[in-house]
file query07.txt (compact mmCIF, C-alpha atoms)
# COMPACT_ATOMS: atom_id res chain seq x y z
CA MET J 1 -15.25 -22.16 -24.67
CA ARG J 2 -13.73 -19.92 -21.97
CA SER J 3 -9.95 -19.95 -22.14
CA LYS J 4 -7.73 -20.80 -19.20
CA ASP J 5 -6.54 -17.17 -18.97
CA THR J 6 -10.06 -15.81 -18.54
CA LYS J 7 -11.37 -18.12 -15.86
CA HIS J 8 -11.02 -15.37 -13.24
CA ARG J 9 -12.37 -12.58 -15.43
CA HIS J 10 -15.68 -11.04 -14.40
CA ARG J 11 -16.84 -7.92 -16.18
CA VAL J 12 -19.44 -6.00 -14.20
CA ALA J 13 -21.76 -3.22 -15.26
CA VAL J 14 -21.35 -0.45 -12.69
CA GLY J 15 -23.29 2.55 -13.84
CA GLY J 16 -21.54 2.52 -17.19
CA ARG J 17 -18.11 2.29 -15.58
CA ASN J 18 -15.22 0.26 -16.94
CA VAL J 19 -14.89 -2.49 -14.31
CA VAL J 20 -13.45 -6.00 -14.47
CA LEU J 21 -13.22 -8.04 -11.29
CA SER J 22 -10.81 -10.85 -10.42
CA THR J 23 -13.49 -12.84 -8.61
CA ARG J 24 -17.14 -13.84 -8.99
CA ASN J 25 -17.82 -13.59 -5.27
CA PRO J 26 -21.33 -12.08 -4.87
CA LEU J 27 -20.26 -9.85 -1.97
CA ILE J 28 -17.29 -8.40 -3.88
CA THR J 29 -19.50 -7.90 -6.92
CA TRP J 30 -22.11 -6.04 -4.84
CA LEU J 31 -19.42 -3.91 -3.18
CA ALA J 32 -17.90 -3.06 -6.55
CA LYS J 33 -21.27 -1.85 -7.80
CA ASN J 34 -21.95 0.23 -4.70
CA GLU J 35 -18.52 1.22 -3.37
CA LEU J 36 -18.85 4.95 -4.04
CA THR J 37 -22.41 5.11 -2.67
CA LEU J 38 -21.45 3.19 0.46
CA SER J 39 -18.32 5.26 1.03
CA PHE J 40 -20.11 8.58 0.59
CA ALA J 41 -22.99 7.40 2.81
CA ALA J 42 -20.59 6.49 5.63
CA ILE J 43 -18.70 9.78 5.29
CA PHE J 44 -21.94 11.77 5.14
CA ILE J 45 -23.38 10.11 8.26
CA VAL J 46 -20.23 10.75 10.30
CA ARG J 47 -19.83 14.36 9.12
CA THR J 48 -23.52 15.18 9.59
CA CYS J 49 -23.67 13.75 13.10
CA SER J 50 -20.51 15.67 13.97
CA TRP J 51 -22.10 18.88 12.66
CA LEU J 52 -25.22 18.15 14.74
CA GLY J 53 -23.10 18.04 17.87
CA PHE J 54 -22.88 14.32 18.61
CA ALA J 55 -19.67 13.25 20.33
CA TRP J 56 -19.16 9.80 18.81
CA PRO J 57 -18.11 11.03 15.30
CA GLN J 58 -14.93 12.45 16.82
CA LEU J 59 -13.72 8.87 17.20
CA PHE J 60 -13.70 8.67 13.40
CA LEU J 61 -12.52 12.20 12.63
CA THR J 62 -9.79 12.97 15.16
CA LEU J 63 -6.79 11.16 16.59
CA GLN J 64 -7.46 9.65 19.99
CA HIS J 65 -5.31 8.80 23.03
CA SER J 66 -3.52 12.11 23.36
CA SER J 67 -1.04 12.43 26.19
CA PRO J 68 -1.92 14.98 28.89
CA ASN J 69 0.10 18.19 28.81
CA SER J 70 1.74 17.35 25.49
CA HIS J 71 1.04 17.28 21.78
CA ARG J 72 1.97 13.61 21.52
CA PHE J 73 -0.17 10.50 21.31
CA THR J 74 -0.15 6.94 22.53
CA ARG J 75 -1.81 3.91 20.96
CA GLY J 76 -5.23 2.53 21.83
CA ALA J 77 -8.29 0.62 20.71
CA CYS J 78 -10.05 3.79 19.54
CA ASP J 79 -7.50 4.14 16.74
CA VAL J 80 -9.53 1.53 14.87
CA TRP J 81 -12.35 4.03 14.23
CA PHE J 82 -9.96 6.56 12.71
CA VAL J 83 -8.62 3.85 10.38
CA ILE J 84 -12.16 2.83 9.34
CA ASN J 85 -13.00 6.43 8.47
CA TRP J 86 -9.91 6.69 6.29
CA ILE J 87 -10.68 3.39 4.56
CA PHE J 88 -13.97 4.89 3.37
CA GLN J 89 -12.28 8.15 2.36
CA ILE J 90 -9.58 6.32 0.41
CA LEU J 91 -12.12 4.09 -1.37
CA ALA J 92 -14.22 7.14 -2.27
CA ALA J 93 -11.20 9.01 -3.61
CA ARG J 94 -10.07 5.95 -5.55
CA SER J 95 -13.50 5.46 -7.11
CA ILE J 96 -13.73 9.08 -8.25
CA MET J 97 -10.18 9.20 -9.60
CA LEU J 98 -10.43 5.78 -11.23
CA HIS J 99 -13.75 6.23 -12.99
CA ASN J 100 -14.22 9.98 -13.46
CA VAL J 101 -10.85 11.75 -13.57
CA LEU J 102 -7.90 9.64 -14.68
CA PRO J 103 -9.57 8.01 -17.74
CA LEU J 104 -9.81 11.49 -19.29
CA ILE J 105 -6.03 11.50 -19.77
CA PRO J 106 -5.74 8.45 -22.08
CA GLN J 107 -8.93 9.55 -23.85
CA TYR J 108 -7.30 12.94 -24.53
CA PHE J 109 -4.28 11.18 -26.04
CA GLY J 110 -6.52 9.09 -28.30
CA VAL J 111 -6.31 5.76 -26.46
CA LYS J 112 -9.37 3.77 -27.52
CA SER J 113 -8.77 0.53 -25.60
CA SER J 114 -11.08 0.30 -22.60
CA ARG J 115 -8.60 -2.04 -20.95
CA SER J 116 -5.76 0.48 -21.33
CA GLN J 117 -7.99 3.24 -19.99
CA ARG J 118 -8.94 1.08 -17.02
CA ARG J 119 -5.34 0.08 -16.31
CA PHE J 120 -4.24 3.69 -16.66
CA GLY J 121 -6.77 4.68 -14.01
CA GLU J 122 -5.75 1.92 -11.60
CA THR J 123 -2.04 2.66 -11.97
CA GLY J 124 -2.61 6.41 -11.93
CA TRP J 125 -4.53 6.23 -8.66
CA PHE J 126 -1.78 4.13 -7.08
CA LEU J 127 0.86 6.62 -8.27
CA CYS J 128 -1.09 9.59 -6.93
CA TYR J 129 -1.41 8.00 -3.51
CA ILE J 130 2.20 6.78 -3.33
CA VAL J 131 3.66 10.16 -4.36
CA LEU J 132 1.50 12.01 -1.83
CA SER J 133 2.01 9.57 1.05
CA TRP J 134 5.75 9.21 0.38
CA SER J 135 6.19 12.98 0.31
CA ILE J 136 4.35 13.35 3.63
CA GLY J 137 6.26 10.45 5.14
CA PHE J 138 9.60 11.83 3.97
CA SER J 139 8.79 15.25 5.44
CA ILE J 140 8.03 13.63 8.80
CA TRP J 141 11.25 11.59 8.62
CA ARG J 142 13.37 14.61 7.70
CA ASP J 143 12.23 16.42 10.85
CA SER J 144 12.69 13.40 13.11
CA PRO J 145 15.63 12.51 15.38
CA TYR J 146 16.17 9.28 13.42
CA TYR J 147 16.67 10.94 10.03
CA MET J 148 19.52 9.12 8.24
CA ASN J 149 20.51 7.41 11.48
CA THR J 150 19.60 3.76 12.02
CA ARG J 151 20.91 3.81 15.61
CA HIS J 152 18.18 6.25 16.58
CA LEU J 153 15.56 3.81 15.30
CA TYR J 154 16.16 1.98 18.58
CA ALA J 155 17.76 4.56 20.89
CA ASN J 156 16.03 5.20 24.22
CA TYR J 157 13.46 2.46 23.68
CA PRO J 158 10.77 2.39 24.97
CA GLU J 159 10.68 5.82 26.66
CA ASP J 160 11.07 7.89 23.46
CA HIS J 161 8.94 5.51 21.39
CA VAL J 162 5.74 5.19 23.40
CA LEU J 163 4.59 8.72 22.58
CA MET J 164 4.30 9.77 18.93
CA PRO J 165 3.95 13.21 17.38
CA TYR J 166 0.62 13.93 15.74
CA SER J 167 2.09 13.73 12.23
CA LEU J 168 3.63 10.28 12.71
CA LYS J 169 0.49 8.78 14.22
CA TRP J 170 -1.68 10.28 11.47
CA TYR J 171 0.69 8.95 8.78
CA TYR J 172 0.79 5.48 10.32
CA LEU J 173 -2.97 5.11 10.64
CA VAL J 174 -3.67 6.43 7.13
CA GLN J 175 -1.10 4.01 5.73
CA THR J 176 -2.82 1.21 7.63
CA ALA J 177 -6.14 2.23 6.09
CA PHE J 178 -4.62 2.28 2.60
CA TRP J 179 -3.17 -1.23 2.82
CA ILE J 180 -6.34 -2.64 4.34
CA SER J 181 -8.33 -1.06 1.49
CA ASN J 182 -5.99 -2.84 -0.93
CA LEU J 183 -7.27 -6.19 0.34
CA TYR J 184 -10.56 -5.14 -1.25
CA THR J 185 -9.25 -3.41 -4.38
CA ILE J 186 -7.07 -6.38 -5.36
CA PHE J 187 -10.34 -8.24 -6.06
CA VAL J 188 -12.02 -5.40 -7.98
CA GLU J 189 -9.20 -5.11 -10.50
CA GLU J 190 -8.24 -7.52 -13.25
CA ARG J 191 -6.42 -10.56 -11.92
CA ARG J 192 -2.67 -10.58 -12.46
CA LYS J 193 -0.39 -13.56 -12.86
CA ASP J 194 1.04 -12.91 -9.41
CA HIS J 195 -2.32 -12.50 -7.69
CA MET J 196 -1.45 -14.74 -4.75
CA GLU J 197 1.97 -13.13 -4.31
CA MET J 198 0.34 -9.70 -4.33
CA LEU J 199 -2.24 -10.85 -1.79
CA THR J 200 0.55 -12.26 0.38
CA HIS J 201 2.42 -8.96 0.08
CA HIS J 202 -0.63 -6.99 1.24
CA VAL J 203 -1.32 -9.29 4.20
CA VAL J 204 2.34 -9.25 5.28
CA THR J 205 2.52 -5.46 4.92
CA ILE J 206 -0.61 -4.98 7.05
CA ALA J 207 0.80 -7.36 9.68
CA LEU J 208 4.08 -5.42 9.80
CA VAL J 209 2.38 -2.03 10.00
CA VAL J 210 -0.05 -3.12 12.73
CA LEU J 211 2.54 -5.01 14.81
CA SER J 212 5.18 -2.29 14.57
CA TYR J 213 2.54 0.22 15.66
CA THR J 214 1.36 -1.96 18.57
CA PHE J 215 4.87 -2.80 19.80
CA HIS J 216 6.18 0.80 19.63
CA PHE J 217 8.47 0.07 16.68
CA THR J 218 7.02 2.94 14.65
CA ARG J 219 10.38 4.54 13.88
CA PHE J 220 11.58 1.40 12.15
CA GLY J 221 8.22 0.90 10.42
CA HIS J 222 8.09 4.51 9.26
CA VAL J 223 11.47 4.34 7.51
CA PHE J 224 10.77 0.85 6.19
CA MET J 225 7.57 2.05 4.46
CA LEU J 226 9.47 4.93 2.82
CA VAL J 227 12.12 2.56 1.54
CA MET J 228 9.56 0.11 0.21
CA ASP J 229 7.38 2.67 -1.57
CA PHE J 230 10.07 4.63 -3.44
CA PRO J 231 10.66 2.30 -6.46
CA ASP J 232 6.91 2.02 -7.14
CA VAL J 233 6.94 5.59 -8.42
CA PHE J 234 9.16 4.65 -11.39
CA LEU J 235 7.22 1.46 -12.17
CA SER J 236 3.90 3.28 -12.11
CA LEU J 237 5.24 6.04 -14.36
CA ALA J 238 6.59 3.42 -16.80
CA LYS J 239 3.17 1.74 -16.94
CA LEU J 240 1.28 5.00 -17.44
CA VAL J 241 3.50 6.09 -20.32
CA ARG J 242 3.23 2.65 -21.89
CA TYR J 243 -0.59 2.74 -21.68
CA LEU J 244 -0.43 6.02 -23.60
CA GLY J 245 1.45 4.30 -26.43
CA ASN J 246 5.01 5.55 -25.87
CA GLU J 247 7.67 2.91 -26.55
CA MET J 248 11.00 4.43 -25.50
CA ALA J 249 10.20 6.20 -22.20
CA PRO J 250 8.88 3.04 -20.45
CA ASN J 251 12.21 1.29 -21.09
CA ILE J 252 14.13 4.16 -19.49
CA LEU J 253 11.76 4.37 -16.55
CA PHE J 254 11.88 0.61 -16.09
CA GLY J 255 15.67 0.82 -15.93
CA LEU J 256 15.42 3.45 -13.19
CA PHE J 257 12.84 1.29 -11.45
CA THR J 258 15.16 -1.74 -11.50
CA ILE J 259 18.07 0.23 -10.04
CA SER J 260 15.90 1.75 -7.31
CA TRP J 261 14.34 -1.66 -6.60
CA VAL J 262 17.72 -3.28 -5.91
CA ALA J 263 18.93 -0.28 -3.91
CA THR J 264 15.87 -0.01 -1.69
CA LYS J 265 13.78 -3.18 -1.54
CA HIS J 266 16.83 -5.44 -1.28
CA TYR J 267 19.94 -3.55 -0.15
CA LEU J 268 18.38 -1.01 2.23
CA CYS J 269 15.64 -3.35 3.46
CA ILE J 270 18.10 -6.13 4.23
CA LYS J 271 20.44 -3.59 5.83
CA MET J 272 17.60 -2.46 8.09
CA MET J 273 16.74 -6.06 8.93
CA ILE J 274 20.36 -6.75 9.89
CA SER J 275 20.49 -3.55 11.97
CA ILE J 276 17.88 -5.07 14.28
CA TRP J 277 20.50 -7.58 15.47
CA THR J 278 23.65 -5.45 15.06
CA GLU J 279 22.35 -2.18 16.54
CA GLY J 280 18.96 -2.80 18.10
CA ILE J 281 20.11 -5.34 20.68
CA PHE J 282 22.87 -2.99 21.85
CA GLU J 283 20.66 0.11 21.99
CA VAL J 284 18.03 -1.70 24.09
CA PRO J 285 19.69 -3.13 27.22
CA MET J 286 18.22 -6.09 29.06
CA GLU J 287 16.52 -3.97 31.72
CA LYS J 288 14.60 -2.14 28.98
CA ARG J 289 13.29 -5.30 27.38
CA PHE J 290 10.05 -7.22 27.84
CA PRO J 291 8.93 -8.15 30.49
CA HIS J 292 11.34 -6.19 32.70
CA CYS J 293 10.25 -2.73 31.55
CA PRO J 294 6.69 -1.36 31.27
CA ASP J 295 5.57 -0.52 27.70
CA SER J 296 8.48 -2.50 26.27
CA TYR J 297 7.94 -5.25 23.71
CA ALA J 298 11.61 -5.74 22.88
CA SER J 299 12.17 -9.45 23.35
CA TYR J 300 13.68 -12.19 21.23
CA PRO J 301 10.34 -13.98 20.57
CA ILE J 302 8.50 -10.79 19.54
CA VAL J 303 11.33 -9.32 17.48
CA GLY J 304 12.11 -12.74 16.00
CA PHE J 305 8.49 -13.14 14.92
CA MET J 306 8.50 -9.75 13.21
CA TRP J 307 11.85 -10.54 11.60
CA ALA J 308 10.35 -13.75 10.22
CA ILE J 309 7.53 -11.70 8.65
CA LEU J 310 10.14 -9.40 7.11
CA CYS J 311 11.80 -12.50 5.64
CA VAL J 312 8.50 -13.58 4.07
CA LEU J 313 8.17 -10.14 2.54
CA GLN J 314 11.73 -10.32 1.24
CA ALA J 315 10.97 -13.72 -0.32
CA VAL J 316 8.05 -12.18 -2.25
CA LEU J 317 10.32 -9.33 -3.35
CA ILE J 318 12.95 -11.79 -4.58
CA TYR J 319 10.27 -13.61 -6.58
CA TRP J 320 9.26 -10.32 -8.18
CA PHE J 321 12.90 -9.44 -8.85
CA VAL J 322 13.26 -12.64 -10.87
CA MET J 323 10.30 -11.44 -12.96
CA ILE J 324 12.01 -8.06 -13.35
CA LEU J 325 15.12 -9.82 -14.66
CA LYS J 326 12.97 -11.55 -17.27
CA VAL J 327 11.77 -8.15 -18.46
CA LEU J 328 15.35 -6.88 -18.63
CA GLU J 329 16.27 -9.93 -20.69
CA LYS J 330 13.55 -9.02 -23.19
CA VAL J 331 14.72 -5.41 -23.41
CA LEU J 332 18.52 -5.86 -23.42
CA ILE J 333 18.90 -9.16 -25.26
CA LYS J 334 15.79 -9.61 -27.38
CA GLY J 335 15.23 -5.91 -28.06
CA GLU J 336 11.59 -6.00 -27.00
CA ASP J 337 9.70 -3.35 -25.03
CA ALA J 338 9.56 -3.41 -21.26
CA ALA J 339 6.28 -5.07 -20.28
CA ASP J 340 5.44 -5.98 -16.71
CA GLU J 341 5.74 -9.76 -16.23
CA ARG J 342 2.95 -9.44 -13.66
CA SER J 343 0.54 -8.40 -16.41
CA ASP J 344 -3.12 -9.38 -16.44
CA GLU J 345 -4.15 -12.93 -17.12
CA GLU J 346 -6.54 -11.65 -19.77
CA SER J 347 -5.48 -11.00 -23.34
CA ASP J 348 -5.99 -7.76 -25.23
CA SER J 349 -8.32 -9.54 -27.62
CA GLU J 350 -10.94 -9.59 -24.92
CA ASP J 351 -10.84 -5.82 -24.50
CA GLU J 352 -14.11 -5.23 -26.26
CA ALA J 353 -16.04 -8.01 -24.53
CA LYS J 354 -19.45 -6.66 -23.56
CA PRO J 355 -21.27 -7.47 -20.33
CA ASN J 356 -24.65 -9.07 -20.57
CA ASP J 357 -27.65 -8.04 -18.54
CA THR J 358 -26.52 -9.97 -15.48
CA GLY J 359 -23.17 -8.21 -15.38
CA ARG J 360 -21.20 -11.34 -16.35
CA SER J 361 -19.14 -11.56 -19.50
CA ASN J 362 -20.27 -13.94 -22.15
call {"tool": "encode", "arguments": {"input": "query07.txt", "output": "structure tokens"}}
result
Amino acid sequence: MRSKDTKHRHRVAVGGRNVVLSTRNPLITWLAKNELTLSFAAIFIVRTCSWLGFAWPQLFLTLQHSSPNSHRFTRGACDVWFVINWIFQILAARSIMLHNVLPLIPQYFGVKSSRSQRRFGETGWFLCYIVLSWSIGFSIWRDSPYYMNTRHLYANYPEDHVLMPYSLKWYYLVQTAFWISNLYTIFVEERRKDHMEMLTHHVVTIALVVLSYTFHFTRFGHVFMLVMDFPDVFLSLAKLVRYLGNEMAPNILFGLFTISWVATKHYLCIKMMISIWTEGIFEVPMEKRFPHCPDSYASYPIVGFMWAILCVLQAVLIYWFVMILKVLEKVLIKGEDAADERSDEESDSEDEAKPNDTGRSN
């Protein structure tokens, strides 16, 4: 009899790869089996047609809507094609790192569990992306006029916010592609206990990124993404070390993760949310607000709607923080190791389950 914890488990044979899905949806299963082929095919077609001299591939390969006589960019419908191109590139990079590169590390350290190798690859890929994207985002922020200054997140809106430097627009669109790709990858990884909360988090994050980009609130969104991503570095490192069998280092890293979580995802995020009403409304006078000023979307209904989405995100973060406190209770009071409360629904005993010829586990 299939246990309650394994009702979402779906092991799939993908060219000998170590894959377990969180759904039995035929489309997701087909995509999981062909994701690298499809991604490379899309990239190859675009690159080849560009090399042959066709104009349309430039929609996918270069930033559009540049401002005349400047090196800055506006927003526009053609940005969608650039995002689509990066979705394929991110999925291709993830597939290669997940299945061909990162598993070599736990294998080198003698980790035999296929589940640990798979989880190491998934977490390792996420860490690689977050470290790279956060470093790029921080570099852009450091050179910006709103570095360490919340007032300048809103100053001279909308005039100074309509046009973006190349680096900020590139960063924003790539981040959009990454979070959209996560709506797919969340179903091609083992289901966690907080699957619905994670799905909600991804949807809310995409909504915030897209709306802040559309409404010219990219300065706020840029800093908010940096604040949100920082603690994930420590959690990912703690997981990776734990998958390699170390017992002490994960506890230390989890402690650093908890401190950074409170400092960023709660204190700084809430501080930024409050600044919308304590600084934003004073920096954007009535004549610069919607509908009185062209290109302005600063109005109580629009900002209030985005603030409500931020509150939903904060509610998910509070739920996760309660789970973090449960882990701390295990470590500090019960003397157990730090293990993520959002762990997979499947037990380790199922690690060696073999797929049958149809790709489904027995």
call {"tool": "atom_distance", "arguments": {"input": "query07.txt", "atom1": "atom CA of J:Leu226", "atom2": "atom CA of J:Phe138"}}
result
7.0 Å
call {"tool": "closest_residue", "arguments": {"input": "query07.txt", "among": "J:Leu127, J:Leu38, J:Leu59, J:Leu332", "to": "J:Lys239", "atoms": "only C-alpha atoms"}}
result
J:Leu127
call {"tool": "atom_distance", "arguments": {"input": "query07.txt", "atom1": "atom CA of J:Glu197", "atom2": "atom CA of J:Asp232"}}
result
16.2 Å
call {"tool": "atom_distance", "arguments": {"input": "query07.txt", "atom1": "atom CA of J:Thr214", "atom2": "atom CA of J:Ile180"}}
result
16.2 Å
call {"tool": "closest_residue", "arguments": {"input": "query07.txt", "among": "J:Thr150, J:Phe178, J:Leu183, J:Phe290", "to": "J:Val83", "atoms": "all atoms listed in the file"}}
result
J:Phe178
call {"tool": "residues_near_point", "arguments": {"input": "query07.txt", "point": "(-12.1, -4.6, -7.9)", "cutoff": "7 Å", "atoms": "all atoms listed in the file", "output": "VMD selection string"}}
result
chain J and resid 20 to 22 32 184 to 189
